[in-house]
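Q: Pasting query03.txt here (compact mmCIF, C-alpha atoms):
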# COMPACT_ATOMS: atom_id res chain seq x y z
CA MET A 221 -37.96 130.80 121.88
CA GLU A 222 -40.30 127.84 121.33
CA ASP A 223 -39.71 125.50 118.42
CA GLU A 224 -43.15 126.26 116.99
CA LYS A 225 -42.29 129.95 116.84
CA ILE A 226 -38.97 129.19 115.11
CA ILE A 227 -40.76 127.00 112.57
CA GLU A 228 -43.31 129.75 112.00
CA LEU A 229 -40.55 132.31 111.38
CA LEU A 230 -38.79 129.95 108.97
CA THR A 231 -42.06 129.19 107.18
CA ASN A 232 -42.60 132.94 106.74
CA ARG A 233 -38.99 133.25 105.48
CA ASP A 234 -38.14 135.61 108.35
CA GLN A 235 -34.36 135.90 108.84
CA SER A 236 -34.80 136.17 112.60
CA GLY A 237 -35.86 132.52 112.49
CA MET A 238 -32.35 131.61 111.36
CA SER A 239 -30.84 133.67 114.17
CA GLU A 240 -33.02 131.90 116.71
CA LEU A 241 -32.26 128.52 115.14
CA LYS A 242 -28.54 129.20 115.31
CA ALA A 243 -28.68 130.42 118.90
CA ARG A 244 -30.69 127.42 120.05
CA TYR A 245 -29.27 124.56 117.98
CA SER A 246 -25.76 125.34 116.73
CA ARG A 247 -24.04 123.67 119.72
CA LEU A 248 -26.18 120.53 119.37
CA ILE A 249 -25.51 120.35 115.63
CA LEU A 250 -21.79 120.78 116.26
CA LYS A 251 -21.85 117.96 118.81
CA VAL A 252 -23.64 115.62 116.40
CA CYS A 253 -21.20 116.46 113.62
CA ARG A 254 -18.15 116.11 115.86
CA GLY A 255 -19.26 112.56 116.60
CA PHE A 256 -18.50 111.72 112.98
CA LEU A 257 -15.78 114.18 112.06
CA ARG A 258 -12.48 114.65 113.83
CA SER A 259 -11.82 118.02 112.23
CA HIS A 260 -13.41 120.97 113.97
CA GLU A 261 -13.41 122.90 110.68
CA ASP A 262 -15.32 120.11 108.93
CA ALA A 263 -17.83 119.99 111.78
CA GLU A 264 -18.31 123.79 111.59
CA GLU A 265 -18.87 123.47 107.85
CA CYS A 266 -21.54 120.85 108.51
CA VAL A 267 -23.23 123.20 110.99
CA SER A 268 -23.50 125.82 108.25
CA ASP A 269 -24.68 123.23 105.73
CA THR A 270 -27.30 122.00 108.20
CA MET A 271 -28.60 125.51 108.83
CA LEU A 272 -28.87 126.11 105.08
CA ALA A 273 -30.66 122.78 104.59
CA VAL A 274 -33.17 123.64 107.32
CA TRP A 275 -33.77 127.04 105.67
CA ASP A 276 -34.28 125.34 102.29
CA GLN A 277 -36.56 122.58 103.63
CA ILE A 278 -38.87 124.65 105.86
CA PRO A 279 -41.21 125.20 104.05
CA PRO A 280 -42.54 122.92 102.58
CA ASN A 281 -41.66 120.62 105.48
CA ARG A 282 -43.10 121.39 108.90
CA PRO A 283 -41.44 119.01 111.37
CA GLU A 284 -43.28 117.87 114.48
CA ASN A 285 -40.03 117.59 116.43
CA LEU A 286 -37.56 120.27 115.37
CA THR A 287 -34.69 118.86 117.44
CA ALA A 288 -34.95 115.41 115.85
CA TYR A 289 -35.39 116.95 112.40
CA ILE A 290 -32.27 119.07 112.76
CA CYS A 291 -30.22 116.19 114.22
CA LYS A 292 -31.20 113.97 111.31
CA ILE A 293 -30.08 116.59 108.79
CA ALA A 294 -26.86 117.24 110.71
CA ARG A 295 -26.11 113.53 110.89
CA ARG A 296 -26.66 113.15 107.14
CA LYS A 297 -24.40 116.12 106.39
CA ALA A 298 -21.66 114.77 108.67
CA VAL A 299 -21.85 111.28 107.16
CA ASN A 300 -21.65 112.75 103.66
CA LYS A 301 -18.63 114.82 104.69
CA LEU A 302 -17.00 111.78 106.28
CA ARG A 303 -17.59 109.75 103.10
CA TYR A 304 -16.11 112.56 101.06
CA ASN A 305 -13.07 112.81 103.34
CA THR A 306 -12.44 109.08 103.33
CA ALA A 307 -13.29 108.32 99.71
CA ALA A 308 -9.72 107.43 98.75
CA VAL A 309 -8.85 105.59 101.93
CA ARG A 310 -11.78 103.74 103.43
CA ASN A 311 -12.14 103.90 107.19
CA THR A 312 -13.27 100.36 107.93
CA ASP A 313 -13.24 100.39 111.72
CA LEU A 314 -16.38 102.12 112.96
CA LEU A 315 -18.33 102.24 109.73
CA THR A 316 -18.12 98.49 109.18
CA GLU A 317 -18.81 97.27 112.72
CA LEU A 318 -22.45 96.81 111.80
CA ASP A 319 -21.80 95.25 108.37
CA GLU A 320 -22.31 91.71 109.63
CA CYS A 321 -25.72 92.70 110.98
CA LEU A 322 -26.98 94.22 107.75
CA PRO A 323 -28.53 92.20 104.96
CA SER A 324 -26.14 90.96 102.32
CA GLY A 325 -26.39 92.88 99.07
CA TYR A 326 -28.01 95.86 100.79
CA SER A 327 -27.60 99.06 98.81
CA VAL A 328 -28.81 102.61 99.23
CA GLU A 329 -30.56 102.44 95.86
CA LYS A 330 -33.10 99.92 97.18
CA GLU A 331 -35.41 102.40 98.88
CA ALA A 332 -38.02 99.80 99.78
CA GLU A 333 -35.47 97.68 101.60
CA LYS A 334 -34.05 100.76 103.25
CA THR A 335 -37.45 101.78 104.59
CA GLU A 336 -38.23 98.26 105.75
CA LEU A 337 -34.83 97.93 107.42
CA ALA A 338 -35.30 101.26 109.20
CA ALA A 339 -38.70 100.16 110.49
CA MET A 340 -37.27 96.86 111.72
CA LEU A 341 -34.36 98.61 113.41
CA SER A 342 -36.81 100.94 115.14
CA GLU A 343 -38.89 97.97 116.31
CA TRP A 344 -35.78 96.17 117.53
CA LEU A 345 -34.68 99.23 119.49
CA LYS A 346 -38.06 99.22 121.26
CA THR A 347 -37.31 95.71 122.55
CA LEU A 348 -34.22 96.97 124.40
CA ASP A 349 -34.18 98.46 127.85
CA GLU A 350 -33.45 102.18 128.11
CA ARG A 351 -29.74 101.77 128.90
CA GLN A 352 -29.11 99.38 125.98
CA ARG A 353 -31.04 101.62 123.59
CA LYS A 354 -29.09 104.67 124.74
CA LEU A 355 -25.74 102.87 124.40
CA PHE A 356 -26.56 101.58 120.91
CA THR A 357 -27.86 104.96 119.76
CA LEU A 358 -24.90 106.88 121.14
CA ARG A 359 -22.46 104.51 119.46
CA TYR A 360 -24.08 103.97 116.08
CA PHE A 361 -26.31 107.00 115.52
CA TYR A 362 -24.26 109.74 117.16
CA MET A 363 -20.98 107.91 116.34
CA GLN A 364 -19.50 108.34 119.81
CA SER A 365 -16.47 106.29 120.73
CA VAL A 366 -17.04 103.28 122.98
CA LYS A 367 -15.38 105.24 125.78
CA GLU A 368 -17.72 108.24 125.36
CA ALA A 369 -20.83 106.09 125.04
CA ALA A 370 -19.81 104.04 128.10
CA LYS A 371 -19.29 107.21 130.12
CA ASN A 372 -22.69 108.59 129.07
CA CYS A 373 -24.31 105.31 130.12
CA SER A 374 -22.35 105.07 133.41
CA MET A 375 -20.59 101.90 132.29
CA SER A 376 -17.01 100.76 132.05
CA CYS A 377 -15.49 100.54 128.55
CA THR A 378 -15.26 96.77 128.87
CA ALA A 379 -18.91 96.45 129.88
CA ALA A 380 -19.96 98.76 127.04
CA SER A 381 -17.89 96.82 124.47
CA THR A 382 -19.39 93.55 125.64
CA ALA A 383 -22.90 94.99 125.62
CA LEU A 384 -22.42 96.39 122.10
CA ALA A 385 -21.14 93.02 120.83
CA ARG A 386 -24.19 91.32 122.31
CA LEU A 387 -26.48 93.97 120.84
CA ARG A 388 -24.98 93.41 117.37
CA VAL A 389 -25.60 89.65 117.71
CA SER A 390 -29.14 90.37 118.87
CA LEU A 391 -29.74 92.73 115.94
CA LYS A 392 -28.41 90.18 113.45
CA LYS A 393 -30.67 87.49 114.91
CA TYR A 394 -33.68 89.84 114.87
CA LEU A 395 -33.10 90.79 111.21
CA THR A 396 -32.42 87.18 110.20
CA GLU A 397 -35.69 86.01 111.78
CA ARG A 398 -37.52 88.63 109.73
CA GLY A 399 -35.86 87.68 106.45
CA MET A 400 -33.63 90.72 106.11
CA PHE A 401 -30.34 88.91 106.48
CA TYR A 402 -29.20 85.83 104.64
CA GLU A 403 -26.23 83.76 105.78
Could you show the structure in this file as structure tokens?

A:
Amino acid sequence: MEDEKIIELLTNRDQSGMSELKARYSRLILKVCRGFLRSHEDAEECVSDTMLAVWDQIPPNRPENLTAYICKIARRKAVNKLRYNTAAVRNTDLLTELDECLPSGYSVEKEAEKTELAAMLSEWLKTLDERQRKLFTLRYFYMQSVKEAAKNCSMSCTAASTALARLRVSLKKYLTERGMFYE
């Protein structure tokens, strides 16, 4: 079924829209969530939470790209679950790799900075070639391991690690030049 038809069913509060949504997107949502969460049960819970969020948000929202809309919700649910799971013991490895690239003093409460940072990140990603953009996105948006991201980009782990390190340096430089990062 086409995305537009699914959106129409959800807008009309037709339960068959949820069935179609689940049939078409549950595997993708699970994959996105598994990129963040190591527990299959937690990932399954996020799939359910994502489906409920889509049901609650359509209407009033009417996304232009349903796949991107759903992935964004799934990612947010998985990150929230990961934060909840690691609240007592902070997982500093993956989640802090990008810390040195982000502006000092950055906080979620500063919505204006958040929006500006997101726009700059999007512009920076456009400056990359397709392979670099894919590698960066797989690693830091979909939270794949370096090994998984390297495999998906047809690279060795060493080449991917080196490329990611260079991309982080490039991102830091880009943000610094635009006044978003202060040494």

Q: For the contact check between region 355-399 of chain A and region 291-299 of chain A, emit one row per residue of region 355-399 of chain A within 12 Å, containing the shortest atom pair and the distance in Å rounded to one decimal, counting only C-alpha atoms, chain then rising number order, as JSON lines.

A:
{"residue": "A:Tyr360", "atom": "CA", "partner": "A:Arg295", "partner_atom": "CA", "distance": 11.1}
{"residue": "A:Phe361", "atom": "CA", "partner": "A:Arg295", "partner_atom": "CA", "distance": 8.0}
{"residue": "A:Tyr362", "atom": "CA", "partner": "A:Arg295", "partner_atom": "CA", "distance": 7.6}
{"residue": "A:Met363", "atom": "CA", "partner": "A:Arg295", "partner_atom": "CA", "distance": 9.4}

Q: Export C-alpha atoms of the chosen residues as an mmCIF file, keeping the file's coordinate frame?

A:
data_model
loop_
_atom_site.group_PDB
_atom_site.id
_atom_site.type_symbol
_atom_site.label_atom_id
_atom_site.label_comp_id
_atom_site.auth_asym_id
_atom_site.auth_seq_id
_atom_site.Cartn_x
_atom_site.Cartn_y
_atom_site.Cartn_z
ATOM 1 C CA TYR A 360 -24.080 103.970 116.080
ATOM 2 C CA PHE A 361 -26.310 107.000 115.520
ATOM 3 C CA TYR A 362 -24.260 109.740 117.160
ATOM 4 C CA MET A 363 -20.980 107.910 116.340
#

Q: Counting all atoms listed in the file, figure out which residue out of A:Asn372, A:Ser246, A:Thr357, A:Gln364 gets nearest to Thr270 (chain A).

A: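 Among the listed residues, the smallest separation from Thr270 (chain A) belongs to A:Ser246.
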
Q: Which residue is closest to Ser376 (chain A)? Choose from A:Ser239, A:Leu355, A:Arg282, A:Leu341 and count all atoms listed in the file.

A: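 Among the listed residues, A:Leu355 lies closest to Ser376 (chain A).
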
Q: Grab the CA of Ile226 (chain A) to CA of Glu240 (chain A) distance for me, in Å with one decimal place.

A: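 Separation of CA of Ile226 (chain A) and CA of Glu240 (chain A): 6.7 Å.
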
Q: Calculated over only C-alpha atoms, which of the candidates A:Leu286, A:Leu302, A:Leu229, A:Leu391 has the smallest distance to Glu265 (chain A)?

A: A:Leu302

Q: Find the residues around Leu358 (chain A) up to 10 Å (all atoms listed in the file counted), leave out those fewer than 4 positions away in its own chain, and share them as a ChimeraX atom specification.

A: /A:255,352-354,362-366,368-370,372-373

Q: Taking into account all atoms listed in the file, which residue in the set A:Tyr245, A:Phe356, A:Tyr394, A:Tyr304 is nearest to Val267 (chain A)?

A: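 Nearest candidate to Val267 (chain A) out of A:Tyr245, A:Phe356, A:Tyr394, A:Tyr304: A:Tyr245.
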
Q: So how far away is CA of Ala379 (chain A) from CA of Leu395 (chain A), in Å?

A: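 According to the coordinates, CA of Leu395 (chain A) and CA of Ala379 (chain A) are separated by 24.1 Å.
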
Q: As an exercise, work out the distance from CA of Ile278 (chain A) to CA of Ile227 (chain A) in Å and give it to one decimal place.

A: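 According to the coordinates, CA of Ile278 (chain A) and CA of Ile227 (chain A) are separated by 7.4 Å.
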